[in-house]
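Note sheet for the following structure.
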Amino acid sequence: MPGKMDFWDALDDLVDSSSVIVDRPKGSGHPRYPGFVYGLDYGYLDGTVSSDGEGIDVWIGTSKEHRVTAVMVTVDLVQRDSEIKILLGCTDDEIDYVERVHNETDDMRGLLIRREHI
C-alpha cells in the first residue's frame, strides 16, 4: 500500500531506535556449545523481545554501511523455537557465513532473506 512503511523500513526503525548490545564478540565461544566460535560479533537489540523472551538477535558485520542487510529466520529443533536474526552491516561473505552457520547441523535450519536495493 502506498504511504505505508515496508518490512525493511520497519526493521530499520527498530534498529535505529534500539541500542545494539554485543554480548558474544567475534572469536568468543558459545556459552552452551563451547566448540562453536563466533565468526562475527553477535548480540541483540536492547529493549526488544523475541520468541525466546530475550532481545532480538543481531549478527553485526564489518560494512561501513551500518544498515539491515538481511534477516535469517531459524527453526531450532533442540530449543523447539523459531526466531528472526537481523544481519546488520554484513558484507556478502558475512551473509554467506551466517547462512552456513544456521544450516550446519540437523538440529537447526535457517532461511536467509537478503535485502535488495540497499
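Residue numbers start at 1 in each chain; chains themselves are named A, B, ... in the order of the C-alpha cells; ligands are numbered from 1 in the order shown.
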
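If you count only C-alpha atoms and ignore residues fewer than 5 places along the chain from range 13-15 of chain A, what sits within 9 Å of it is Trp8, Val20, Leu45, Thr48, Arg67, Val68 and Leu88 of chain A.
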
Write out as a PyMOL selection string all residues of chain A that backbone DSSP assigns to strand (DSSP E).
chain A and resi 20-24+41-45+56-60+68-76+81-88+108-114

Would you kindly return, as a list in words, each protein, DNA or RNA residue with an atom no farther than 6 Å from any atom of range 22-28 of chain A, considering only C-alpha atoms and excluding same-chain residues fewer than 3 positions away?
Val37, Tyr38, Gly39, Leu40, Asp41, Tyr42 and Gly43 of chain A

So which residues touch Met72 in chain A within 12 Å, counting only C-alpha atoms, skipping near sequence neighbours fewer than 6 positions away, as number ranges by chain?
A: 56-59, 82-88, 95-103, 108-115

Give the alpha helix (DSSP H) residues of range 17-117 of chain A, as DSSP finds them on the backbone, and put them as a PyMOL selection string.
chain A and resi 92-101

Produce a file of the selected residues containing N, CA and C atoms, as a compact mmCIF listing (two decimals), in the first residue's frame.
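And here's part-v1.txt as it stands now:
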```txt
# COMPACT_ATOMS: atom_id res chain seq x y z
N ASP A 92 28.63 -9.45 1.67
CA ASP A 92 28.14 -10.68 1.04
C ASP A 92 28.77 -11.92 1.67
N ASP A 93 30.08 -11.88 1.92
CA ASP A 93 30.75 -13.03 2.54
C ASP A 93 30.24 -13.28 3.95
N GLU A 94 29.97 -12.22 4.69
CA GLU A 94 29.45 -12.37 6.06
C GLU A 94 28.02 -12.91 6.04
N ILE A 95 27.23 -12.49 5.08
CA ILE A 95 25.88 -13.03 4.93
C ILE A 95 25.95 -14.52 4.64
N ASP A 96 26.85 -14.91 3.75
CA ASP A 96 27.03 -16.33 3.43
C ASP A 96 27.45 -17.12 4.67
N TYR A 97 28.32 -16.54 5.50
CA TYR A 97 28.76 -17.18 6.75
C TYR A 97 27.57 -17.44 7.67
N VAL A 98 26.73 -16.43 7.88
CA VAL A 98 25.58 -16.57 8.78
C VAL A 98 24.63 -17.64 8.25
N GLU A 99 24.41 -17.66 6.96
CA GLU A 99 23.53 -18.68 6.38
C GLU A 99 24.11 -20.08 6.60
N ARG A 100 25.41 -20.21 6.42
CA ARG A 100 26.07 -21.51 6.62
C ARG A 100 25.98 -21.96 8.08
N VAL A 101 26.23 -21.05 9.01
CA VAL A 101 26.20 -21.37 10.45
C VAL A 101 24.83 -21.90 10.87
```

Counting only C-alpha atoms, figure out which residue out of A:Ile21, A:Ala10, A:Ala70, A:Val49 gets nearest to Thr91 in chain A.
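Counting only C-alpha atoms, the residue closest to Thr91 in chain A is A:Ala70.
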
A:Val78, A:Tyr33, A:Thr69, A:Asp12 ranked by distance to Glu116 in chain A, top pick (using only C-alpha atoms)
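That would be A:Thr69, the residue with the smallest distance to Glu116 in chain A.
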
Using only C-alpha atoms, pick whichever of A:Met5, A:Leu77, A:His66, A:Cys90 has the shortest atom-to-atom distance to Asp106 in chain A.
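Closest candidate: A:Leu77.
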
How many Å lie between CA of Asp46 in chain A and CA of Asp16 in chain A, rounded to one decimal?
11.2 Å

Pick from A:Gly55, A:Val71, A:Lys64, A:Gly47: nearest to Ser17 in chain A, with only C-alpha atoms counted?
A:Gly47
